[in-house]
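S.K.: Hey, dropping entry.cif in here, mmCIF, C-alpha atoms:
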data_structure
#
loop_
_atom_site.label_atom_id
_atom_site.label_comp_id
_atom_site.auth_asym_id
_atom_site.auth_seq_id
_atom_site.Cartn_x
_atom_site.Cartn_y
_atom_site.Cartn_z
CA MET A 272 -21.71 1.00 9.85
CA ALA A 273 -22.06 4.12 11.98
CA THR A 274 -18.37 5.05 12.17
CA ALA A 275 -17.80 4.59 8.46
CA SER A 276 -20.74 6.70 7.32
CA PHE A 277 -20.13 9.40 9.93
CA ASP A 278 -16.61 9.93 8.63
CA ALA A 279 -17.50 9.35 5.00
CA ASP A 280 -16.01 12.67 3.96
CA VAL A 281 -12.48 12.16 5.29
CA THR A 282 -9.95 9.51 4.37
CA ARG A 283 -9.49 7.25 7.37
CA ILE A 284 -6.00 5.80 7.64
CA MET A 285 -5.30 3.13 10.23
CA LEU A 286 -1.75 2.76 11.54
CA GLY A 287 -0.65 -0.33 13.41
CA VAL A 288 1.91 0.94 15.94
CA ASN A 289 4.11 -0.86 18.42
CA GLU A 290 6.90 -0.23 20.89
CA SER A 291 10.58 -0.53 20.21
CA SER A 292 12.09 -3.93 20.87
CA ILE A 293 15.43 -2.33 21.79
CA LYS A 294 16.13 -2.93 25.49
CA GLY A 295 15.88 0.20 27.63
CA TYR A 296 14.24 2.20 24.82
CA PRO A 297 10.58 2.60 25.86
CA HIS A 298 9.40 4.43 22.77
CA ALA A 299 7.59 3.86 19.50
CA SER A 300 9.44 1.44 17.23
CA ILE A 301 11.56 2.90 14.45
CA SER A 302 9.31 1.35 11.81
CA SER A 303 6.12 2.68 13.47
CA LYS A 304 7.60 6.18 13.40
CA SER A 305 8.68 5.75 9.77
CA ALA A 306 5.15 4.68 8.81
CA PHE A 307 3.66 7.67 10.67
CA ASP A 308 6.12 10.16 9.12
CA TRP A 309 5.52 8.75 5.65
CA THR A 310 1.76 9.11 6.09
CA LEU A 311 2.12 12.72 7.24
CA ASN A 312 4.70 13.82 4.66
CA LYS A 313 3.62 11.88 1.59
CA ILE A 314 -0.15 11.42 1.94
CA ILE A 315 -1.71 13.96 4.31
CA ARG A 316 0.74 16.77 3.47
CA SER A 317 -0.99 20.16 4.00
CA ASN A 318 -4.50 18.69 3.71
CA THR A 319 -4.88 18.05 7.45
CA ALA A 320 -8.68 18.43 7.35
CA GLY A 321 -9.06 15.69 4.74
CA PHE A 322 -7.76 12.83 6.87
CA LYS A 323 -8.32 11.05 10.14
CA LEU A 324 -5.68 8.80 11.68
CA LEU A 325 -6.64 5.67 13.60
CA PHE A 326 -3.81 4.36 15.79
CA LEU A 327 -4.08 0.76 16.88
CA HIS A 328 -1.63 -0.76 19.32
CA VAL A 329 -1.89 -4.50 19.91
CA GLN A 330 -0.34 -5.77 23.13
CA VAL A 331 0.86 -9.35 23.11
CA PRO A 332 -0.13 -10.95 26.44
CA ASP A 333 3.16 -11.98 28.15
CA GLU A 334 4.75 -12.35 24.70
CA ASP A 335 7.61 -14.87 25.09
CA GLY A 336 7.85 -14.42 28.85
CA PHE A 337 11.28 -12.79 28.85
CA ASP A 338 9.98 -9.34 29.71
CA GLU A 339 8.02 -10.66 32.65
CA VAL A 340 10.60 -13.14 33.89
CA ASP A 341 11.12 -11.22 37.15
CA SER A 342 7.39 -10.85 37.86
CA ILE A 343 5.76 -13.38 40.15
CA TYR A 344 1.98 -13.55 40.07
CA ALA A 345 0.97 -14.50 43.62
CA SER A 346 -2.26 -12.65 44.04
CA PRO A 347 -5.01 -11.00 41.99
CA GLU A 348 -3.34 -7.67 42.79
CA ASP A 349 -0.22 -8.75 40.89
CA PHE A 350 -2.30 -9.30 37.79
CA ARG A 351 -4.02 -5.99 38.28
CA ASP A 352 -0.66 -4.23 38.63
CA ALA A 353 0.74 -5.98 35.58
CA SER A 354 -2.19 -5.08 33.44
CA ARG A 355 -2.05 -1.51 34.75
CA LYS A 356 1.64 -1.40 33.79
CA ASP A 357 0.79 -2.74 30.33
CA LYS A 358 -1.86 -0.09 29.98
CA ILE A 359 0.54 2.65 31.04
CA ASN A 360 3.12 1.43 28.49
CA GLY A 361 0.53 1.26 25.74
CA SER A 362 -0.96 4.66 26.59
CA HIS A 363 2.51 6.18 26.66
CA LEU A 364 3.10 4.86 23.13
CA LEU A 365 -0.23 6.11 21.82
CA GLU A 366 0.29 9.46 23.54
CA TYR A 367 3.29 10.10 21.27
CA PHE A 368 1.23 9.65 18.09
CA VAL A 369 -1.87 11.45 19.36
CA LYS A 370 0.18 14.41 20.57
CA ARG A 371 1.99 14.83 17.26
CA SER A 372 -1.26 14.51 15.29
CA HIS A 373 -2.91 17.17 17.43
CA GLU A 374 0.07 19.51 17.04
CA LEU A 375 -0.32 19.19 13.27
CA GLY A 376 -4.11 19.54 13.37
CA VAL A 377 -4.89 16.03 12.11
CA ALA A 378 -7.93 14.40 13.70
CA CYS A 379 -7.16 11.04 15.27
CA GLU A 380 -8.33 8.19 17.48
CA ALA A 381 -6.15 5.68 19.29
CA TRP A 382 -6.88 2.45 21.11
CA ILE A 383 -5.25 -0.64 22.57
CA LYS A 384 -6.22 -4.28 22.01
CA LYS A 385 -4.72 -7.47 23.38
CA GLY A 386 -3.94 -10.53 21.33
CA ASP A 387 -1.97 -11.77 18.34
CA PRO A 388 -1.12 -8.54 16.45
CA LYS A 389 -1.76 -9.91 12.94
CA GLU A 390 -5.12 -11.42 13.87
CA VAL A 391 -6.23 -8.41 15.89
CA ILE A 392 -5.25 -5.88 13.20
CA CYS A 393 -7.22 -7.79 10.52
CA HIS A 394 -10.17 -8.04 12.89
CA GLU A 395 -10.07 -4.31 13.66
CA VAL A 396 -9.83 -3.47 9.95
CA LYS A 397 -12.99 -5.50 9.38
CA ARG A 398 -14.74 -3.72 12.25
CA VAL A 399 -13.57 -0.14 11.58
CA GLN A 400 -13.26 -0.28 7.76
CA PRO A 401 -10.45 2.23 7.18
CA ASP A 402 -9.63 3.42 3.65
CA LEU A 403 -6.00 2.42 4.05
CA LEU A 404 -3.88 0.51 6.55
CA VAL A 405 -0.28 1.71 6.92
CA MET A 406 2.19 -0.68 8.57
CA GLY A 407 5.81 -0.25 9.46
CA ASN A 408 8.22 -2.93 8.33
CA ARG A 409 11.80 -3.61 9.33
CA GLY A 410 12.73 -4.46 5.75
CA LEU A 411 14.42 -7.70 6.78
CA GLY A 412 15.84 -10.10 4.25
CA PRO A 413 14.24 -13.55 3.77
CA PHE A 414 16.75 -15.25 6.11
CA GLN A 415 16.04 -12.96 9.07
CA ARG A 416 12.32 -13.01 8.32
CA VAL A 417 12.09 -16.76 8.83
CA PHE A 418 12.85 -16.33 12.51
CA VAL A 419 10.89 -13.22 13.37
CA GLY A 420 7.91 -13.46 11.01
CA THR A 421 6.31 -10.28 9.83
CA VAL A 422 2.93 -8.97 10.86
CA SER A 423 2.78 -6.67 7.84
CA GLU A 424 3.10 -9.54 5.33
CA PHE A 425 0.15 -11.26 6.94
CA CYS A 426 -1.91 -8.05 6.86
CA VAL A 427 -1.13 -7.38 3.18
CA LYS A 428 -2.54 -10.82 2.40
CA HIS A 429 -5.50 -10.98 4.74
CA CYS A 430 -6.79 -7.50 5.69
CA GLU A 431 -9.97 -6.37 3.97
CA CYS A 432 -8.66 -2.94 2.93
CA PRO A 433 -5.73 -1.56 0.93
CA VAL A 434 -2.48 -2.02 2.87
CA VAL A 435 0.85 -0.30 2.40
CA THR A 436 4.02 -1.23 4.26
CA ILE A 437 6.75 1.32 4.88
CA LYS A 438 10.30 0.13 5.39
CA ARG A 439 12.71 1.77 7.79
CA SER A 440 15.35 3.81 6.00
CA VAL A 441 18.78 2.21 5.91
CA ASP A 442 20.36 4.86 8.16
CA GLU A 443 17.75 4.14 10.85
CA THR A 444 18.49 0.42 11.09
CA PRO A 445 19.84 -0.49 14.54
CA GLN A 446 22.97 -2.60 15.03
CA ASP A 447 20.91 -5.79 15.03
CA PRO A 448 18.39 -5.39 12.18
CA VAL A 449 15.94 -7.68 13.99
CA ASP A 450 15.61 -4.92 16.62
CA ASP A 451 13.14 -2.17 15.88
CA MET B 33 18.53 11.68 -9.37
CA ALA B 34 17.37 14.67 -11.36
CA THR B 35 13.68 13.77 -11.56
CA ALA B 36 13.41 12.97 -7.87
CA SER B 37 15.02 16.17 -6.63
CA PHE B 38 13.17 18.35 -9.16
CA ASP B 39 9.82 17.07 -7.89
CA ALA B 40 10.89 16.81 -4.26
CA ASP B 41 8.02 18.98 -3.10
CA VAL B 42 5.14 16.90 -4.48
CA THR B 43 4.18 13.32 -3.74
CA ARG B 44 4.81 11.30 -6.87
CA ILE B 45 2.42 8.38 -7.27
CA MET B 46 3.03 5.84 -10.01
CA LEU B 47 0.07 3.89 -11.38
CA GLY B 48 0.54 0.76 -13.43
CA VAL B 49 -2.34 0.78 -15.92
CA ASN B 50 -3.47 -1.71 -18.54
CA GLU B 51 -6.24 -2.36 -20.98
CA SER B 52 -9.31 -4.40 -20.34
CA SER B 53 -9.07 -8.07 -21.22
CA ILE B 54 -12.76 -8.20 -22.10
CA LYS B 55 -13.15 -8.83 -25.82
CA GLY B 56 -14.43 -5.87 -27.79
CA TYR B 57 -13.92 -3.49 -24.87
CA PRO B 58 -10.91 -1.37 -25.85
CA HIS B 59 -10.69 0.67 -22.64
CA ALA B 60 -8.78 0.83 -19.38
CA SER B 61 -9.24 -2.29 -17.28
CA ILE B 62 -11.75 -2.17 -14.44
CA SER B 63 -8.99 -2.59 -11.86
CA SER B 64 -6.85 0.18 -13.41
CA LYS B 65 -9.81 2.54 -13.17
CA SER B 66 -10.50 1.46 -9.58
CA ALA B 67 -6.87 2.14 -8.63
CA PHE B 68 -7.02 5.57 -10.31
CA ASP B 69 -10.33 6.51 -8.66
CA TRP B 70 -9.09 5.36 -5.25
CA THR B 71 -5.95 7.51 -5.64
CA LEU B 72 -8.01 10.56 -6.59
CA ASN B 73 -10.75 10.15 -3.98
CA LYS B 74 -8.84 8.80 -1.01
CA ILE B 75 -5.32 10.21 -1.35
CA ILE B 76 -5.18 13.31 -3.54
CA ARG B 77 -8.66 14.57 -2.57
CA SER B 78 -8.77 18.38 -2.90
CA ASN B 79 -4.97 18.75 -2.65
CA THR B 80 -4.38 18.59 -6.42
CA ALA B 81 -1.21 20.71 -6.25
CA GLY B 82 0.46 18.33 -3.79
CA PHE B 83 0.63 15.34 -6.09
CA LYS B 84 1.93 14.20 -9.43
CA LEU B 85 0.65 11.07 -11.14
CA LEU B 86 2.95 8.89 -13.22
CA PHE B 87 1.06 6.51 -15.50
CA LEU B 88 3.00 3.53 -16.79
CA HIS B 89 1.53 1.15 -19.33
CA VAL B 90 3.51 -1.98 -20.12
CA GLN B 91 2.73 -3.65 -23.40
CA VAL B 92 3.34 -7.37 -23.60
CA PRO B 93 4.92 -8.17 -27.00
CA ASP B 94 2.46 -10.51 -28.76
CA GLU B 95 1.28 -11.79 -25.36
CA ASP B 96 -0.10 -15.30 -25.92
CA GLY B 97 -0.60 -14.82 -29.64
CA PHE B 98 -4.41 -14.95 -29.55
CA ASP B 99 -4.88 -11.25 -30.24
CA GLU B 100 -2.58 -11.38 -33.23
CA VAL B 101 -3.77 -14.70 -34.58
CA ASP B 102 -5.08 -13.11 -37.79
CA SER B 103 -1.93 -11.07 -38.41
CA ILE B 104 0.70 -12.52 -40.70
CA TYR B 105 4.14 -10.99 -40.53
CA ALA B 106 5.48 -11.25 -44.05
CA SER B 107 7.51 -8.10 -44.34
CA PRO B 108 9.21 -5.45 -42.19
CA GLU B 109 6.21 -3.21 -42.95
CA ASP B 110 3.91 -5.66 -41.15
CA PHE B 111 5.96 -5.29 -38.01
CA ARG B 112 6.00 -1.54 -38.40
CA ASP B 113 2.21 -1.50 -38.75
CA ALA B 114 1.75 -3.81 -35.79
CA SER B 115 3.93 -1.72 -33.57
CA ARG B 116 2.16 1.43 -34.75
CA LYS B 117 -1.16 -0.24 -33.87
CA ASP B 118 0.21 -1.18 -30.44
CA LYS B 119 1.28 2.39 -29.92
CA ILE B 120 -2.13 3.71 -30.88
CA ASN B 121 -3.80 1.29 -28.43
CA GLY B 122 -1.43 2.24 -25.65
CA SER B 123 -1.75 5.97 -26.31
CA HIS B 124 -5.53 5.67 -26.34
CA LEU B 125 -5.36 4.04 -22.90
CA LEU B 126 -3.01 6.65 -21.48
CA GLU B 127 -5.08 9.44 -23.02
CA TYR B 128 -8.00 8.47 -20.76
CA PHE B 129 -5.92 8.87 -17.58
CA VAL B 130 -4.06 11.99 -18.71
CA LYS B 131 -7.29 13.69 -19.79
CA ARG B 132 -9.03 13.00 -16.48
CA SER B 133 -5.99 14.18 -14.50
CA HIS B 134 -5.83 17.42 -16.46
CA GLU B 135 -9.56 18.04 -15.99
CA LEU B 136 -9.02 17.74 -12.23
CA GLY B 137 -5.84 19.85 -12.26
CA VAL B 138 -3.48 17.07 -11.19
CA ALA B 139 -0.06 17.15 -12.82
CA CYS B 140 0.85 13.92 -14.58
CA GLU B 141 3.19 12.11 -16.93
CA ALA B 142 2.45 8.96 -18.89
CA TRP B 143 4.58 6.57 -20.87
CA ILE B 144 4.60 3.15 -22.51
CA LYS B 145 7.20 0.41 -22.14
CA LYS B 146 7.39 -3.05 -23.69
CA GLY B 147 8.18 -6.23 -21.83
CA ASP B 148 7.08 -8.40 -18.93
CA PRO B 149 4.83 -6.07 -16.88
CA LYS B 150 6.08 -7.14 -13.44
CA GLU B 151 9.75 -6.83 -14.41
CA VAL B 152 9.27 -3.54 -16.25
CA ILE B 153 7.24 -1.95 -13.45
CA CYS B 154 9.92 -2.81 -10.86
CA HIS B 155 12.60 -1.50 -13.21
CA GLU B 156 10.73 1.76 -13.77
CA VAL B 157 10.17 2.17 -10.01
CA LYS B 158 13.92 1.87 -9.53
CA ARG B 159 14.57 4.42 -12.27
CA VAL B 160 11.84 6.97 -11.42
CA GLN B 161 11.68 6.50 -7.62
CA PRO B 162 8.03 7.32 -6.94
CA ASP B 163 6.80 7.79 -3.36
CA LEU B 164 4.08 5.20 -3.86
CA LEU B 165 3.08 2.65 -6.50
CA VAL B 166 -0.66 2.01 -6.85
CA MET B 167 -1.71 -1.16 -8.66
CA GLY B 168 -5.12 -2.47 -9.59
CA ASN B 169 -5.94 -6.03 -8.63
CA ARG B 170 -8.79 -8.28 -9.68
CA GLY B 171 -9.13 -9.66 -6.18
CA LEU B 172 -9.12 -13.25 -7.39
CA GLY B 173 -9.19 -16.17 -5.00
CA PRO B 174 -6.14 -18.47 -4.69
CA PHE B 175 -7.57 -21.02 -7.13
CA GLN B 176 -8.09 -18.52 -9.97
CA ARG B 177 -4.77 -16.84 -9.19
CA VAL B 178 -2.79 -20.00 -9.88
CA PHE B 179 -3.71 -19.80 -13.55
CA VAL B 180 -3.49 -16.10 -14.23
CA GLY B 181 -0.72 -14.99 -11.84
CA THR B 182 -0.79 -11.49 -10.48
CA VAL B 183 1.55 -8.68 -11.39
CA SER B 184 0.62 -6.76 -8.25
CA GLU B 185 1.74 -9.55 -5.89
CA PHE B 186 5.14 -9.57 -7.56
CA CYS B 187 5.42 -5.78 -7.29
CA VAL B 188 4.47 -5.75 -3.59
CA LYS B 189 7.36 -8.14 -2.97
CA HIS B 190 10.00 -6.76 -5.28
CA CYS B 191 9.47 -3.05 -6.02
CA GLU B 192 11.75 -0.62 -4.19
CA CYS B 193 8.98 1.71 -3.00
CA PRO B 194 5.77 1.41 -0.96
CA VAL B 195 3.12 -0.43 -2.98
CA VAL B 196 -0.62 -0.54 -2.45
CA THR B 197 -3.00 -2.75 -4.41
CA ILE B 198 -6.62 -1.78 -4.91
CA LYS B 199 -9.18 -4.48 -5.53
CA ARG B 200 -12.12 -4.05 -7.86
CA SER B 201 -15.38 -3.62 -6.02
CA VAL B 202 -17.64 -6.67 -6.05
CA ASP B 203 -20.32 -4.97 -8.17
CA GLU B 204 -17.72 -4.21 -10.87
CA THR B 205 -16.61 -7.82 -11.31
CA PRO B 206 -17.42 -9.07 -14.82
CA GLN B 207 -19.19 -12.38 -15.45
CA ASP B 208 -15.85 -14.21 -15.60
CA PRO B 209 -13.78 -12.82 -12.70
CA VAL B 210 -10.57 -13.57 -14.60
CA ASP B 211 -11.63 -10.85 -17.07
CA ASP B 212 -10.75 -7.29 -16.17
#
Written as structure tokens, how would this file's structure read?
M.R.:
Amino acid sequence: MATASFDADVTRIMLGVNESSIKGYPHASISSKSAFDWTLNKIIRSNTAGFKLLFLHVQVPDEDGFDEVDSIYASPEDFRDASRKDKINGSHLLEYFVKRSHELGVACEAWIKKGDPKEVICHEVKRVQPDLLVMGNRGLGPFQRVFVGTVSEFCVKHCECPVVTIKRSVDETPQDPVDD
Amino acid sequence: MATASFDADVTRIMLGVNESSIKGYPHASISSKSAFDWTLNKIIRSNTAGFKLLFLHVQVPDEDGFDEVDSIYASPEDFRDASRKDKINGSHLLEYFVKRSHELGVACEAWIKKGDPKEVICHEVKRVQPDLLVMGNRGLGPFQRVFVGTVSEFCVKHCECPVVTIKRSVDETPQDPVDD
């Protein structure tokens, strides 16, 4: 594969990143930031030239409908606006990670895909063949997990590359631990 | 914890290592070597001063009895000899990893514990608090896994630190994939 052989001399780490689920907080999720910080501080360290970061954000189309409950799609323009808004949100998220990587001198690439996050991440791993996939994880107990599912558990089982999941630290857990 | 704060400035990676299960092949298992090589090539790279490797070998007392089928324990001396033999085997295994680390200039520590590998590894993670646990994995399918179990799956679920499992490459798989 062209990408893989071209970058053969650096370690390519893919990070699955998403937005916070906390209402009115339009930033990277706490667990995405934790996964990014862990990768920088514990793996890349001072060896910025030895690594390349690949940021993947998967947008769920309409998700459960609650976010879009006030939107009425009456014309093709409405769909165009909605998808432009989605793109702006996604780009805003990726901008945070790309900006910080550039400040630190770590090469990176970032892109957005639509679909079911767990399926899309595994598909992108197969396509891009990173050396490691780093995923954030809310560190929920089994009871909470039943209701929210976890993308990272699926990826650990099914992705065709080594996967490490990084839990949020306890002092970063929001009031409702299901939030992120 | 004393160890953790003393080493706060390096990334401490624990590797669970074991011996090959192939008869007459008294060396590190294929998956242990794969996990070690992956850690060196993909994570540590040229930054040898930024990392410390912690090799843990867990010896299973008597395991399923097949290895010791010719040994008869008739006196306390027999037990002493057996445990000395175990120690020699374990040290021989750890010597391989320690020697290679020293050749490359990577700081390391290595030790042997007795017990159920999955339980002991999780216990040692709790005690030593590494930044990452790297485990080898035979990459068996679900059918083969039912019969042999996997220590790494247990550790991913239960260890109190990020865990990554590294599969053997396809061309390193022995004739019987359950061997390692």
S.K.: Residues of chain B near chain A: apply a cut-off of 10 Å, count only C-alpha atoms, and supply the list as a PyMOL selection string.
M.R.: chain B and resi 41-45+70+73-79+82-83+163-166+185+188-189+192-199
S.K.: Give me, as a PyMOL selection string, all polymer residues having an atom no more than 12 Å from A:His298, counting only C-alpha atoms and skipping those fewer than 5 positions away in the same chain.
M.R.: chain A and resi 288-293+303-304+360-368+451
S.K.: Of the residues A:Val396, A:Val441, A:Leu286, A:Ala381, which is the one nearest to A:Asp308, using all atoms listed in the file?
M.R.: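 Using all atoms listed in the file, the shortest distance to A:Asp308 belongs to A:Leu286.
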S.K.: Apply the PyMOL selection byres ((chain B and resi 209) around 9) to the displayed file and report the matching residues as a list in words.
M.R.: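 Checking the PyMOL selection byres ((chain B and resi 209) around 9) against this file, the residues are Arg170, Gly171, Leu172, Gln176, Thr205, Pro206, Gln207, Asp208, Val210, Asp211 and Asp212 of chain B.
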S.K.: Leaving out A:Trp382 and any residue of its chain fewer than 3 positions from it, which residues lie within 8 Å of it when counting all atoms listed in the file, given as an MDAnalysis selection string?
M.R.: chainID A and resid 326:328 365
S.K.: Write the residues of the preceding selection, restricted to C-alpha atoms, as an mmCIF file, keeping the file's coordinate frame.
M.R.:
data_model
loop_
_atom_site.group_PDB
_atom_site.id
_atom_site.type_symbol
_atom_site.label_atom_id
_atom_site.label_comp_id
_atom_site.auth_asym_id
_atom_site.auth_seq_id
_atom_site.Cartn_x
_atom_site.Cartn_y
_atom_site.Cartn_z
ATOM 1 C CA PHE A 326 -3.810 4.360 15.790
ATOM 2 C CA LEU A 327 -4.080 0.760 16.880
ATOM 3 C CA HIS A 328 -1.630 -0.760 19.320
ATOM 4 C CA LEU A 365 -0.230 6.110 21.820
#
S.K.: What is the atom CA of A:Glu443 to atom CA of A:Ala299 distance in Å?
M.R.: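 These two atoms are separated by 13.3 Å.
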S.K.: Could you please determine the separation between atom CA of B:Leu85 and atom CA of B:Gly147 in Å, to one decimal place?
M.R.: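 For atom CA of B:Leu85 relative to atom CA of B:Gly147, the distance reads 21.7 Å.
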